[in-house]
Amino acid sequence: MAERTGMVEKRGWGLWATHAMMILGVLVVFFPIWLAFVASTVTQSEITQPPMPLMPGDQFLNNYREALFEGVNVPVLTMLVNSTITALGIAIGKIAISLLSAFAFVYFRFPGRGMFFWLIFLTLMLPVEVRIVPTYEVVAGFGMLNSYSGLIFPLIASATATFLFRQFFLTIPDELAEAARVDGASPMRFFWDIVLPMSRTNIAALFVILFIYGWNQYLWPLLVTTDPEMNTIVMGIRQMFPSGDDLADWPVIMAASILAMVPPIVVVLSMQRLFIRGLVDSEK
Amino acid sequence: MTFKGWILPLLLIAPQVLISAVFFFYPAGQAIWQSLFIPDPFGLSMQWVGLGNFEYLLGNKYYLASFWTTAVFSTLVTVTSMVPALFLAVIADRLIKGAGTYRTLLIWPYAVAPAVAGVLWLFMFNTRVGIVSWYLGLLGYDWNHVLDGTQAMGLVVVASSWGRISYNFLFFYAALQSVPKSVIEAAAIDGARFWRRFWTIVLPLLSPTTFFLLVVNIIYAFFETFGVIHTITGGGPQQATTILVYKVYADGFVGQDLGSSAAQSVILLVVVGLLTVLQFKFVEKRVHY
């Protein structure tokens with residue numbers, strides 16, 4: 001990054017104005033999250049008599065205890081576990097199958113290579129949303145409704161990760177593979193000892209993106225988990241609203257919403273560098 | 001440099017090829033196949049109708065209305081998520097100190113799932129308890145997105161754009177940081193004021209990023225906003241917020257009209273195809289840039 005000199009940099013009053021605008025922007029963007037947090041710490045009656053307070057109340061422990069261990073249809077804790085397993089399954093599964101196939105495409109010439117490459121490439125164009133009915137039928141046919149495999153498998157085959165790893169493997173110096181071969185190392189030995197360790201950063205960056213992708217899924221879990229015990233948190237919140245005109249249990253629902261946000265936010269903030277890198281890489 | 005053998009590589013690609021075949025190609029094929037049939041009234045057999053489902057859809061006013069709704073929705077989401085993001089990125093770019101902190105704070109909404117964002121905005125605009133709708137009421141503005149289609153559209157647009165502001169901000173900010181400072185300073189020496197520099201130098205240099213974000217945000221608005229719409233409006237009132245993806249779901253799963261839903265999937269497939277080609281055209285261009 002080039003050193004910035006003062007010429008086009010604001011000073012004095014202008015600098016304060018810039019900060020003020022930035023703070024205003026952050027406040028506006030942040031407000032919905034803050035309000036949800038406040039709502040998760042007050043009583044139902046404080047919310048149902050608008051306007052609700054803008055500062056947290058003293059019901060934090062009560063509301064979160066009720067959400068986590070009782071919930072509405074099913075304890076939020078159960079949904080958090082389901083989401084964790086699903087998101088980890090999607091992230092790890094995608095990375096594993098993509099690493100293997102990218103390795104094969106870069107380091108081998110085999111019959112059908114071009115065709116398989118294009119087949120995988122085509123999956124880029126097929127978001128799950130456009131093929132929901134037939135995919136649902138396939139999953140139902142396998143008896144995978146209301147199961148983790150039903151939640152995970154249809155979402156782990158996508159070409160993005162494969163292309164990313166392929167790009168990266170192409171930058172690994174040829175000499176390394178050459179040396180491995182001269183030393184009589186098998187291809188898989190080369191994969192484990194050289195390629196995998198060198199891909200650490202890429203794997204981590206992709207993991208951050210894929211974990212959030214898996215955690216935030218909505219439509220697919222909505223279709224395949226009819227049993228509340230298998231609901232993921234992101235789709236389960238909607239199920240906590242009563243049907244008809246009954247009043248929703250807002251403090252518990254908002255506590256569940258906050259709990260649904262915490263894992264992805266923690267992942268993003270704690271791995272901010274990797275996250276931004278993964279974001280830029282996977283969209284290129 | 002490559003290794004010898006062909007059994008090992010086939011084994012290595014087998015998991016991905018198998019999963020793609022079972023969960024991508026077979027269902028996509030099914031969708032195309034089913035789009036050529038209608039189930040008989042008893043649901044016992046399927047009757048071949050050729051392109052009948054497509055003809056019906058393209059003459060159906062609800063489907064055409066859904067196309068229009070999608071166009072309006074995705075345009076509004078794209079603009080609402082990109083303009084504030086660019087504005088914030090331009091401000092952040094002027095700061096030497098503190099930009100990192102602001103960036104950290106602005107990333108948060110990206111991590112919030114669209115469906116959860118839907119719940120948060122629904123809460124703020126809820127007709128009974130919503131704090132924003134309550135204050136709007138004080139100002140004499142009657143908020144009821146459950147009955148008013150325009151308000152419903154406004155609410156799903158804002159809820160869908162909110163998390164995307166973070167995303168767009170990150171890309172704009174990164175692009176602004178890579179604009180050579182010498183160019184900006186040369187213009188400053190020539191006496192160009194901030195906004196003039198922005199319009200004539202910075203914005204043109206940002207055009208690859210802007211175009212990229214345009215395409216990505218349209219794809220997002222088309223396919224990833226289902227959660228927002230399902231939580232806030234359920235496509236209503238009177239289908240005012242039924243975008244194409246929502247209609248595939250509503251007709252296929254709620255209405256059980258498989259032939260029509262499959263035909264809609266095929267049409268969407270074509271749309272995704274076009275958008276993807278557009279995206280790759282751009283990537284190619286940027287490589288030469």
# chains A, B, ... in the order shown; residues from 1 in each chain; ligands from 1
$ interface_residues --of "chain A" --to "chain B" --cutoff "7 Å" --atoms "only C-alpha atoms" --output "number ranges by chain"
A: 7-9, 18, 22, 26, 32, 36, 47-52, 97, 100-101, 104, 107-108, 110, 123, 125-126, 129-131, 133-135, 154, 157, 174, 177-178, 187, 212, 216, 218-219, 234, 238, 257, 261, 264-265, 268
$ closest_atom_pairs --of "stretch 147-222 of chain A" --to "stretch 114-121 of chain A" --cutoff "10 Å" --atoms "only C-alpha atoms" --output "Markdown table"
| residue | atom | partner | partner_atom | distance |
| --- | --- | --- | --- | --- |
| A:Ala157 | CA | A:Ile120 | CA | 8.6 |
| A:Ser158 | CA | A:Ile120 | CA | 7.4 |
| A:Ala159 | CA | A:Ile120 | CA | 5.7 |
| A:Thr160 | CA | A:Phe121 | CA | 8.4 |
| A:Thr162 | CA | A:Ile120 | CA | 8.5 |
| A:Phe163 | CA | A:Phe121 | CA | 8.4 |
$ residues_around --residues "stretch 68-83 of chain B" --least-positions-apart "4" --cutoff "8 Å" --atoms "only C-alpha atoms" --output "number ranges by chain"
B: 64, 87, 153, 157-158, 160-162, 164-165, 168-169, 213-214, 217-218, 221-222, 240-244
$ write_last_selection --atoms "N, CA, C and O atoms" --output "PDB file, in the first residue's frame"
ATOM      1  N   LEU B  64     -46.402 -13.608 -15.416  1.00  0.00           N
ATOM      2  CA  LEU B  64     -45.792 -12.413 -15.999  1.00  0.00           C
ATOM      3  C   LEU B  64     -45.638 -11.330 -14.931  1.00  0.00           C
ATOM      4  O   LEU B  64     -44.625 -10.627 -14.881  1.00  0.00           O
ATOM      5  N   PHE B  87     -20.855   4.924  -0.948  1.00  0.00           N
ATOM      6  CA  PHE B  87     -20.737   6.133  -0.154  1.00  0.00           C
ATOM      7  C   PHE B  87     -19.859   5.891   1.084  1.00  0.00           C
ATOM      8  O   PHE B  87     -18.893   6.623   1.340  1.00  0.00           O
ATOM      9  N   MET B 153     -43.191  -4.430  -0.537  1.00  0.00           N
ATOM     10  CA  MET B 153     -42.036  -4.469  -1.434  1.00  0.00           C
ATOM     11  C   MET B 153     -40.884  -3.659  -0.844  1.00  0.00           C
ATOM     12  O   MET B 153     -39.739  -4.113  -0.816  1.00  0.00           O
ATOM     13  N   VAL B 157     -37.225  -5.187   0.186  1.00  0.00           N
ATOM     14  CA  VAL B 157     -36.044  -4.632  -0.491  1.00  0.00           C
ATOM     15  C   VAL B 157     -35.005  -4.182   0.544  1.00  0.00           C
ATOM     16  O   VAL B 157     -33.828  -4.546   0.472  1.00  0.00           O
ATOM     17  N   VAL B 158     -35.459  -3.434   1.547  1.00  0.00           N
ATOM     18  CA  VAL B 158     -34.517  -2.935   2.552  1.00  0.00           C
ATOM     19  C   VAL B 158     -33.900  -4.099   3.338  1.00  0.00           C
ATOM     20  O   VAL B 158     -32.694  -4.156   3.552  1.00  0.00           O
ATOM     21  N   SER B 160     -33.473  -7.126   2.367  1.00  0.00           N
ATOM     22  CA  SER B 160     -32.561  -7.898   1.520  1.00  0.00           C
ATOM     23  C   SER B 160     -31.268  -7.140   1.246  1.00  0.00           C
ATOM     24  O   SER B 160     -30.219  -7.747   1.038  1.00  0.00           O
ATOM     25  N   SER B 161     -31.346  -5.814   1.210  1.00  0.00           N
ATOM     26  CA  SER B 161     -30.170  -5.013   0.855  1.00  0.00           C
ATOM     27  C   SER B 161     -29.214  -4.847   2.035  1.00  0.00           C
ATOM     28  O   SER B 161     -28.011  -4.699   1.851  1.00  0.00           O
ATOM     29  N   TRP B 162     -29.791  -4.853   3.219  1.00  0.00           N
ATOM     30  CA  TRP B 162     -29.035  -4.528   4.431  1.00  0.00           C
ATOM     31  C   TRP B 162     -27.714  -5.310   4.544  1.00  0.00           C
ATOM     32  O   TRP B 162     -26.642  -4.707   4.624  1.00  0.00           O
ATOM     33  N   ARG B 164     -26.205  -6.964   2.319  1.00  0.00           N
ATOM     34  CA  ARG B 164     -25.391  -6.811   1.119  1.00  0.00           C
ATOM     35  C   ARG B 164     -24.556  -5.541   1.153  1.00  0.00           C
ATOM     36  O   ARG B 164     -23.561  -5.431   0.439  1.00  0.00           O
ATOM     37  N   ILE B 165     -24.986  -4.546   1.948  1.00  0.00           N
ATOM     38  CA  ILE B 165     -24.202  -3.316   2.043  1.00  0.00           C
ATOM     39  C   ILE B 165     -22.802  -3.660   2.532  1.00  0.00           C
ATOM     40  O   ILE B 165     -21.798  -3.177   2.006  1.00  0.00           O
ATOM     41  N   ASN B 168     -20.827  -5.327  -0.380  1.00  0.00           N
ATOM     42  CA  ASN B 168     -20.426  -4.365  -1.403  1.00  0.00           C
ATOM     43  C   ASN B 168     -19.389  -3.392  -0.874  1.00  0.00           C
ATOM     44  O   ASN B 168     -18.464  -2.999  -1.588  1.00  0.00           O
ATOM     45  N   PHE B 169     -19.535  -3.006   0.395  1.00  0.00           N
ATOM     46  CA  PHE B 169     -18.572  -2.099   1.012  1.00  0.00           C
ATOM     47  C   PHE B 169     -17.164  -2.690   0.956  1.00  0.00           C
ATOM     48  O   PHE B 169     -16.210  -2.002   0.576  1.00  0.00           O
ATOM     49  N   LEU B 213     -19.999  -6.218  -9.163  1.00  0.00           N
ATOM     50  CA  LEU B 213     -20.972  -6.194  -8.074  1.00  0.00           C
ATOM     51  C   LEU B 213     -22.399  -6.146  -8.598  1.00  0.00           C
ATOM     52  O   LEU B 213     -23.306  -6.743  -8.029  1.00  0.00           O
ATOM     53  N   LEU B 214     -22.570  -5.444  -9.705  1.00  0.00           N
ATOM     54  CA  LEU B 214     -23.896  -5.372 -10.328  1.00  0.00           C
ATOM     55  C   LEU B 214     -24.416  -6.777 -10.628  1.00  0.00           C
ATOM     56  O   LEU B 214     -25.529  -7.144 -10.240  1.00  0.00           O
ATOM     57  N   ASN B 217     -24.909  -8.924  -7.391  1.00  0.00           N
ATOM     58  CA  ASN B 217     -26.069  -8.510  -6.605  1.00  0.00           C
ATOM     59  C   ASN B 217     -27.382  -8.882  -7.280  1.00  0.00           C
ATOM     60  O   ASN B 217     -28.362  -9.197  -6.601  1.00  0.00           O
ATOM     61  N   ILE B 218     -27.397  -8.856  -8.603  1.00  0.00           N
ATOM     62  CA  ILE B 218     -28.611  -9.295  -9.291  1.00  0.00           C
ATOM     63  C   ILE B 218     -28.825 -10.785  -9.037  1.00  0.00           C
ATOM     64  O   ILE B 218     -29.935 -11.228  -8.718  1.00  0.00           O
ATOM     65  N   ALA B 221     -30.175 -11.163  -5.596  1.00  0.00           N
ATOM     66  CA  ALA B 221     -31.576 -10.763  -5.475  1.00  0.00           C
ATOM     67  C   ALA B 221     -32.500 -11.816  -6.083  1.00  0.00           C
ATOM     68  O   ALA B 221     -33.577 -12.090  -5.562  1.00  0.00           O
ATOM     69  N   PHE B 222     -32.056 -12.441  -7.157  1.00  0.00           N
ATOM     70  CA  PHE B 222     -32.866 -13.470  -7.804  1.00  0.00           C
ATOM     71  C   PHE B 222     -33.000 -14.721  -6.942  1.00  0.00           C
ATOM     72  O   PHE B 222     -34.075 -15.268  -6.808  1.00  0.00           O
ATOM     73  N   ALA B 240     -47.730  -9.433  -4.257  1.00  0.00           N
ATOM     74  CA  ALA B 240     -46.940  -8.235  -4.562  1.00  0.00           C
ATOM     75  C   ALA B 240     -45.449  -8.488  -4.401  1.00  0.00           C
ATOM     76  O   ALA B 240     -44.632  -7.767  -4.971  1.00  0.00           O
ATOM     77  N   THR B 241     -45.051  -9.484  -3.605  1.00  0.00           N
ATOM     78  CA  THR B 241     -43.623  -9.747  -3.414  1.00  0.00           C
ATOM     79  C   THR B 241     -43.250 -11.163  -3.843  1.00  0.00           C
ATOM     80  O   THR B 241     -42.260 -11.708  -3.397  1.00  0.00           O
ATOM     81  N   THR B 242     -44.063 -11.754  -4.727  1.00  0.00           N
ATOM     82  CA  THR B 242     -43.752 -13.096  -5.222  1.00  0.00           C
ATOM     83  C   THR B 242     -42.738 -13.007  -6.353  1.00  0.00           C
ATOM     84  O   THR B 242     -43.097 -12.748  -7.500  1.00  0.00           O
ATOM     85  N   ILE B 243     -41.460 -13.201  -6.019  1.00  0.00           N
ATOM     86  CA  ILE B 243     -40.448 -13.216  -7.074  1.00  0.00           C
ATOM     87  C   ILE B 243     -40.404 -14.627  -7.663  1.00  0.00           C
ATOM     88  O   ILE B 243     -41.007 -15.564  -7.128  1.00  0.00           O
ATOM     89  N   LEU B 244     -39.676 -14.803  -8.774  1.00  0.00           N
ATOM     90  CA  LEU B 244     -39.720 -16.054  -9.529  1.00  0.00           C
ATOM     91  C   LEU B 244     -39.370 -17.267  -8.679  1.00  0.00           C
ATOM     92  O   LEU B 244     -40.046 -18.293  -8.726  1.00  0.00           O
TER      93      LEU B 244
END
$ residues_around --residues "A:Ile194" --least-positions-apart "3" --cutoff "12 Å" --atoms "only C-alpha atoms" --output "PDB file with all heavy atoms, in the first residue's frame"
ATOM      1  N   PHE A 103      -6.930 -31.854  -7.456  1.00  0.00           N
ATOM      2  CA  PHE A 103      -5.629 -32.522  -7.531  1.00  0.00           C
ATOM      3  C   PHE A 103      -5.580 -33.425  -8.763  1.00  0.00           C
ATOM      4  O   PHE A 103      -4.596 -33.423  -9.515  1.00  0.00           O
ATOM      5  CB  PHE A 103      -5.398 -33.328  -6.246  1.00  0.00           C
ATOM      6  CG  PHE A 103      -4.077 -34.033  -6.200  1.00  0.00           C
ATOM      7  CD1 PHE A 103      -2.889 -33.318  -6.119  1.00  0.00           C
ATOM      8  CD2 PHE A 103      -4.022 -35.420  -6.237  1.00  0.00           C
ATOM      9  CE1 PHE A 103      -1.669 -33.973  -6.081  1.00  0.00           C
ATOM     10  CE2 PHE A 103      -2.797 -36.068  -6.195  1.00  0.00           C
ATOM     11  CZ  PHE A 103      -1.620 -35.353  -6.119  1.00  0.00           C
ATOM     12  N   PHE A 169      -3.345 -24.831  -7.248  1.00  0.00           N
ATOM     13  CA  PHE A 169      -2.396 -25.920  -7.539  1.00  0.00           C
ATOM     14  C   PHE A 169      -1.539 -25.580  -8.757  1.00  0.00           C
ATOM     15  O   PHE A 169      -0.383 -25.971  -8.847  1.00  0.00           O
ATOM     16  CB  PHE A 169      -3.138 -27.240  -7.802  1.00  0.00           C
ATOM     17  CG  PHE A 169      -3.820 -27.795  -6.591  1.00  0.00           C
ATOM     18  CD1 PHE A 169      -4.717 -28.848  -6.708  1.00  0.00           C
ATOM     19  CD2 PHE A 169      -3.563 -27.277  -5.319  1.00  0.00           C
ATOM     20  CE1 PHE A 169      -5.358 -29.363  -5.585  1.00  0.00           C
ATOM     21  CE2 PHE A 169      -4.196 -27.785  -4.204  1.00  0.00           C
ATOM     22  CZ  PHE A 169      -5.104 -28.826  -4.334  1.00  0.00           C
ATOM     23  N   ILE A 172       1.701 -23.978  -7.882  1.00  0.00           N
ATOM     24  CA  ILE A 172       2.744 -24.720  -7.152  1.00  0.00           C
ATOM     25  C   ILE A 172       3.842 -25.094  -8.139  1.00  0.00           C
ATOM     26  O   ILE A 172       3.556 -25.674  -9.183  1.00  0.00           O
ATOM     27  CB  ILE A 172       2.155 -25.986  -6.498  1.00  0.00           C
ATOM     28  CG1 ILE A 172       1.124 -25.601  -5.438  1.00  0.00           C
ATOM     29  CG2 ILE A 172       3.270 -26.835  -5.882  1.00  0.00           C
ATOM     30  CD1 ILE A 172       0.472 -26.786  -4.757  1.00  0.00           C
ATOM     31  N   PRO A 173       5.108 -24.732  -7.826  1.00  0.00           N
ATOM     32  CA  PRO A 173       6.197 -24.969  -8.780  1.00  0.00           C
ATOM     33  C   PRO A 173       6.287 -26.436  -9.203  1.00  0.00           C
ATOM     34  O   PRO A 173       6.176 -27.332  -8.369  1.00  0.00           O
ATOM     35  CB  PRO A 173       7.453 -24.567  -8.003  1.00  0.00           C
ATOM     36  CG  PRO A 173       6.974 -23.691  -6.906  1.00  0.00           C
ATOM     37  CD  PRO A 173       5.580 -24.097  -6.603  1.00  0.00           C
ATOM     38  N   ASP A 174       6.491 -26.637 -10.499  1.00  0.00           N
ATOM     39  CA  ASP A 174       6.611 -27.985 -11.050  1.00  0.00           C
ATOM     40  C   ASP A 174       7.729 -28.791 -10.421  1.00  0.00           C
ATOM     41  O   ASP A 174       7.637 -30.001 -10.286  1.00  0.00           O
ATOM     42  CB  ASP A 174       6.870 -27.876 -12.565  1.00  0.00           C
ATOM     43  CG  ASP A 174       5.624 -28.239 -13.349  1.00  0.00           C
ATOM     44  OD1 ASP A 174       4.610 -28.570 -12.694  1.00  0.00           O
ATOM     45  OD2 ASP A 174       5.666 -28.183 -14.585  1.00  0.00           O
ATOM     46  N   GLU A 175       8.790 -28.072 -10.015  1.00  0.00           N
ATOM     47  CA  GLU A 175       9.958 -28.762  -9.461  1.00  0.00           C
ATOM     48  C   GLU A 175       9.590 -29.633  -8.272  1.00  0.00           C
ATOM     49  O   GLU A 175      10.172 -30.686  -8.049  1.00  0.00           O
ATOM     50  CB  GLU A 175      11.038 -27.753  -9.026  1.00  0.00           C
ATOM     51  CG  GLU A 175      11.777 -27.074 -10.166  1.00  0.00           C
ATOM     52  CD  GLU A 175      10.944 -25.965 -10.806  1.00  0.00           C
ATOM     53  OE1 GLU A 175       9.900 -25.590 -10.207  1.00  0.00           O
ATOM     54  OE2 GLU A 175      11.320 -25.499 -11.896  1.00  0.00           O
ATOM     55  N   LEU A 176       8.609 -29.183  -7.505  1.00  0.00           N
ATOM     56  CA  LEU A 176       8.226 -29.942  -6.308  1.00  0.00           C
ATOM     57  C   LEU A 176       7.658 -31.304  -6.694  1.00  0.00           C
ATOM     58  O   LEU A 176       8.017 -32.328  -6.116  1.00  0.00           O
ATOM     59  CB  LEU A 176       7.200 -29.154  -5.490  1.00  0.00           C
ATOM     60  CG  LEU A 176       7.768 -27.932  -4.772  1.00  0.00           C
ATOM     61  CD1 LEU A 176       6.656 -27.136  -4.108  1.00  0.00           C
ATOM     62  CD2 LEU A 176       8.805 -28.359  -3.745  1.00  0.00           C
ATOM     63  N   ALA A 177       6.785 -31.318  -7.696  1.00  0.00           N
ATOM     64  CA  ALA A 177       6.213 -32.579  -8.141  1.00  0.00           C
ATOM     65  C   ALA A 177       7.300 -33.448  -8.771  1.00  0.00           C
ATOM     66  O   ALA A 177       7.361 -34.662  -8.541  1.00  0.00           O
ATOM     67  CB  ALA A 177       5.088 -32.318  -9.135  1.00  0.00           C
ATOM     68  N   GLU A 178       8.173 -32.773  -9.533  1.00  0.00           N
ATOM     69  CA  GLU A 178       9.286 -33.483 -10.172  1.00  0.00           C
ATOM     70  C   GLU A 178      10.145 -34.183  -9.117  1.00  0.00           C
ATOM     71  O   GLU A 178      10.443 -35.373  -9.219  1.00  0.00           O
ATOM     72  CB  GLU A 178      10.126 -32.457 -10.944  1.00  0.00           C
ATOM     73  CG  GLU A 178      11.032 -33.054 -12.000  1.00  0.00           C
ATOM     74  CD  GLU A 178      10.219 -33.650 -13.146  1.00  0.00           C
ATOM     75  OE1 GLU A 178       9.443 -32.906 -13.785  1.00  0.00           O
ATOM     76  OE2 GLU A 178      10.361 -34.857 -13.357  1.00  0.00           O
ATOM     77  N   ALA A 179      10.515 -33.424  -8.091  1.00  0.00           N
ATOM     78  CA  ALA A 179      11.356 -33.957  -7.020  1.00  0.00           C
ATOM     79  C   ALA A 179      10.668 -35.132  -6.342  1.00  0.00           C
ATOM     80  O   ALA A 179      11.304 -36.160  -6.051  1.00  0.00           O
ATOM     81  CB  ALA A 179      11.658 -32.867  -5.993  1.00  0.00           C
ATOM     82  N   ALA A 180       9.360 -34.990  -6.111  1.00  0.00           N
ATOM     83  CA  ALA A 180       8.613 -36.063  -5.459  1.00  0.00           C
ATOM     84  C   ALA A 180       8.680 -37.325  -6.301  1.00  0.00           C
ATOM     85  O   ALA A 180       8.887 -38.431  -5.790  1.00  0.00           O
ATOM     86  CB  ALA A 180       7.168 -35.639  -5.232  1.00  0.00           C
ATOM     87  N   ALA A 185       8.211 -40.943  -4.602  1.00  0.00           N
ATOM     88  CA  ALA A 185       7.021 -40.776  -3.761  1.00  0.00           C
ATOM     89  C   ALA A 185       5.770 -41.002  -4.603  1.00  0.00           C
ATOM     90  O   ALA A 185       5.718 -40.601  -5.763  1.00  0.00           O
ATOM     91  CB  ALA A 185       6.992 -39.370  -3.165  1.00  0.00           C
ATOM     92  N   SER A 186       4.765 -41.633  -4.035  1.00  0.00           N
ATOM     93  CA  SER A 186       3.513 -41.856  -4.753  1.00  0.00           C
ATOM     94  C   SER A 186       2.765 -40.534  -4.862  1.00  0.00           C
ATOM     95  O   SER A 186       3.023 -39.600  -4.095  1.00  0.00           O
ATOM     96  CB  SER A 186       2.659 -42.874  -4.001  1.00  0.00           C
ATOM     97  OG  SER A 186       2.148 -42.273  -2.831  1.00  0.00           O
ATOM     98  N   PRO A 187       1.820 -40.444  -5.830  1.00  0.00           N
ATOM     99  CA  PRO A 187       1.048 -39.201  -5.957  1.00  0.00           C
ATOM    100  C   PRO A 187       0.354 -38.807  -4.655  1.00  0.00           C
ATOM    101  O   PRO A 187       0.315 -37.629  -4.301  1.00  0.00           O
ATOM    102  CB  PRO A 187       0.027 -39.541  -7.044  1.00  0.00           C
ATOM    103  CG  PRO A 187       0.617 -40.648  -7.819  1.00  0.00           C
ATOM    104  CD  PRO A 187       1.493 -41.414  -6.879  1.00  0.00           C
ATOM    105  N   MET A 188      -0.195 -39.764  -3.931  1.00  0.00           N
ATOM    106  CA  MET A 188      -0.927 -39.428  -2.720  1.00  0.00           C
ATOM    107  C   MET A 188       0.003 -38.941  -1.615  1.00  0.00           C
ATOM    108  O   MET A 188      -0.340 -38.083  -0.811  1.00  0.00           O
ATOM    109  CB  MET A 188      -1.748 -40.632  -2.221  1.00  0.00           C
ATOM    110  CG  MET A 188      -2.951 -40.951  -3.082  1.00  0.00           C
ATOM    111  SD  MET A 188      -3.792 -39.523  -3.797  1.00  0.00           S
ATOM    112  CE  MET A 188      -4.767 -38.939  -2.423  1.00  0.00           C
ATOM    113  N   ARG A 189       1.216 -39.506  -1.595  1.00  0.00           N
ATOM    114  CA  ARG A 189       2.236 -39.039  -0.650  1.00  0.00           C
ATOM    115  C   ARG A 189       2.516 -37.556  -0.938  1.00  0.00           C
ATOM    116  O   ARG A 189       2.564 -36.729  -0.041  1.00  0.00           O
ATOM    117  CB  ARG A 189       3.489 -39.909  -0.870  1.00  0.00           C
ATOM    118  CG  ARG A 189       4.704 -39.505  -0.145  1.00  0.00           C
ATOM    119  CD  ARG A 189       5.036 -40.491   0.965  1.00  0.00           C
ATOM    120  NE  ARG A 189       4.808 -39.823   2.234  1.00  0.00           N
ATOM    121  CZ  ARG A 189       4.400 -40.444   3.326  1.00  0.00           C
ATOM    122  NH1 ARG A 189       4.140 -41.729   3.321  1.00  0.00           N
ATOM    123  NH2 ARG A 189       4.246 -39.771   4.439  1.00  0.00           N
ATOM    124  N   PHE A 190       2.705 -37.235  -2.224  1.00  0.00           N
ATOM    125  CA  PHE A 190       2.947 -35.852  -2.661  1.00  0.00           C
ATOM    126  C   PHE A 190       1.786 -34.960  -2.234  1.00  0.00           C
ATOM    127  O   PHE A 190       1.967 -33.856  -1.719  1.00  0.00           O
ATOM    128  CB  PHE A 190       3.127 -35.845  -4.190  1.00  0.00           C
ATOM    129  CG  PHE A 190       3.208 -34.464  -4.782  1.00  0.00           C
ATOM    130  CD1 PHE A 190       4.272 -33.625  -4.484  1.00  0.00           C
ATOM    131  CD2 PHE A 190       2.220 -34.014  -5.664  1.00  0.00           C
ATOM    132  CE1 PHE A 190       4.343 -32.351  -5.042  1.00  0.00           C
ATOM    133  CE2 PHE A 190       2.297 -32.746  -6.219  1.00  0.00           C
ATOM    134  CZ  PHE A 190       3.356 -31.918  -5.901  1.00  0.00           C
ATOM    135  N   PHE A 191       0.572 -35.482  -2.396  1.00  0.00           N
ATOM    136  CA  PHE A 191      -0.623 -34.724  -2.010  1.00  0.00           C
ATOM    137  C   PHE A 191      -0.597 -34.408  -0.511  1.00  0.00           C
ATOM    138  O   PHE A 191      -0.769 -33.254  -0.102  1.00  0.00           O
ATOM    139  CB  PHE A 191      -1.870 -35.546  -2.365  1.00  0.00           C
ATOM    140  CG  PHE A 191      -3.162 -34.894  -1.962  1.00  0.00           C
ATOM    141  CD1 PHE A 191      -3.656 -33.811  -2.657  1.00  0.00           C
ATOM    142  CD2 PHE A 191      -3.892 -35.386  -0.882  1.00  0.00           C
ATOM    143  CE1 PHE A 191      -4.858 -33.212  -2.290  1.00  0.00           C
ATOM    144  CE2 PHE A 191      -5.089 -34.792  -0.502  1.00  0.00           C
ATOM    145  CZ  PHE A 191      -5.568 -33.704  -1.207  1.00  0.00           C
ATOM    146  N   PRO A 197      -0.239 -29.233   2.861  1.00  0.00           N
ATOM    147  CA  PRO A 197       0.308 -28.184   3.740  1.00  0.00           C
ATOM    148  C   PRO A 197       0.404 -26.826   3.040  1.00  0.00           C
ATOM    149  O   PRO A 197       0.168 -25.793   3.660  1.00  0.00           O
ATOM    150  CB  PRO A 197       1.699 -28.704   4.091  1.00  0.00           C
ATOM    151  CG  PRO A 197       1.644 -30.165   3.867  1.00  0.00           C
ATOM    152  CD  PRO A 197       0.667 -30.390   2.773  1.00  0.00           C
ATOM    153  N   MET A 198       0.715 -26.833   1.743  1.00  0.00           N
ATOM    154  CA  MET A 198       0.841 -25.558   1.043  1.00  0.00           C
ATOM    155  C   MET A 198      -0.508 -24.878   0.860  1.00  0.00           C
ATOM    156  O   MET A 198      -0.592 -23.668   0.658  1.00  0.00           O
ATOM    157  CB  MET A 198       1.486 -25.775  -0.336  1.00  0.00           C
ATOM    158  CG  MET A 198       2.973 -26.043  -0.250  1.00  0.00           C
ATOM    159  SD  MET A 198       3.698 -26.205  -1.887  1.00  0.00           S
ATOM    160  CE  MET A 198       3.842 -24.488  -2.353  1.00  0.00           C
ATOM    161  N   SER A 199      -1.588 -25.667   0.904  1.00  0.00           N
ATOM    162  CA  SER A 199      -2.923 -25.097   0.666  1.00  0.00           C
ATOM    163  C   SER A 199      -3.602 -24.616   1.947  1.00  0.00           C
ATOM    164  O   SER A 199      -4.749 -24.178   1.900  1.00  0.00           O
ATOM    165  CB  SER A 199      -3.843 -26.138   0.010  1.00  0.00           C
ATOM    166  OG  SER A 199      -3.187 -26.830  -0.994  1.00  0.00           O
ATOM    167  N   ARG A 200      -2.892 -24.715   3.059  1.00  0.00           N
ATOM    168  CA  ARG A 200      -3.508 -24.376   4.359  1.00  0.00           C
ATOM    169  C   ARG A 200      -4.307 -23.085   4.363  1.00  0.00           C
ATOM    170  O   ARG A 200      -5.477 -23.051   4.742  1.00  0.00           O
ATOM    171  CB  ARG A 200      -2.426 -24.290   5.437  1.00  0.00           C
ATOM    172  CG  ARG A 200      -2.207 -25.545   6.217  1.00  0.00           C
ATOM    173  CD  ARG A 200      -1.483 -25.233   7.508  1.00  0.00           C
ATOM    174  NE  ARG A 200      -0.428 -24.245   7.296  1.00  0.00           N
ATOM    175  CZ  ARG A 200       0.879 -24.532   7.337  1.00  0.00           C
ATOM    176  NH1 ARG A 200       1.269 -25.748   7.578  1.00  0.00           N
ATOM    177  NH2 ARG A 200       1.769 -23.596   7.130  1.00  0.00           N
TER     178      ARG A 200
END
$ select_by_dssp --residues "stretch 19-258 of chain B" --states "alpha helix (DSSP H)" --output "ChimeraX atom specification"
/B:19-20,26-34,52-59,61-93,99-111,114-125,131-138,149-177,181-189,194-197,203-205,207-223,226-232,244-249,258
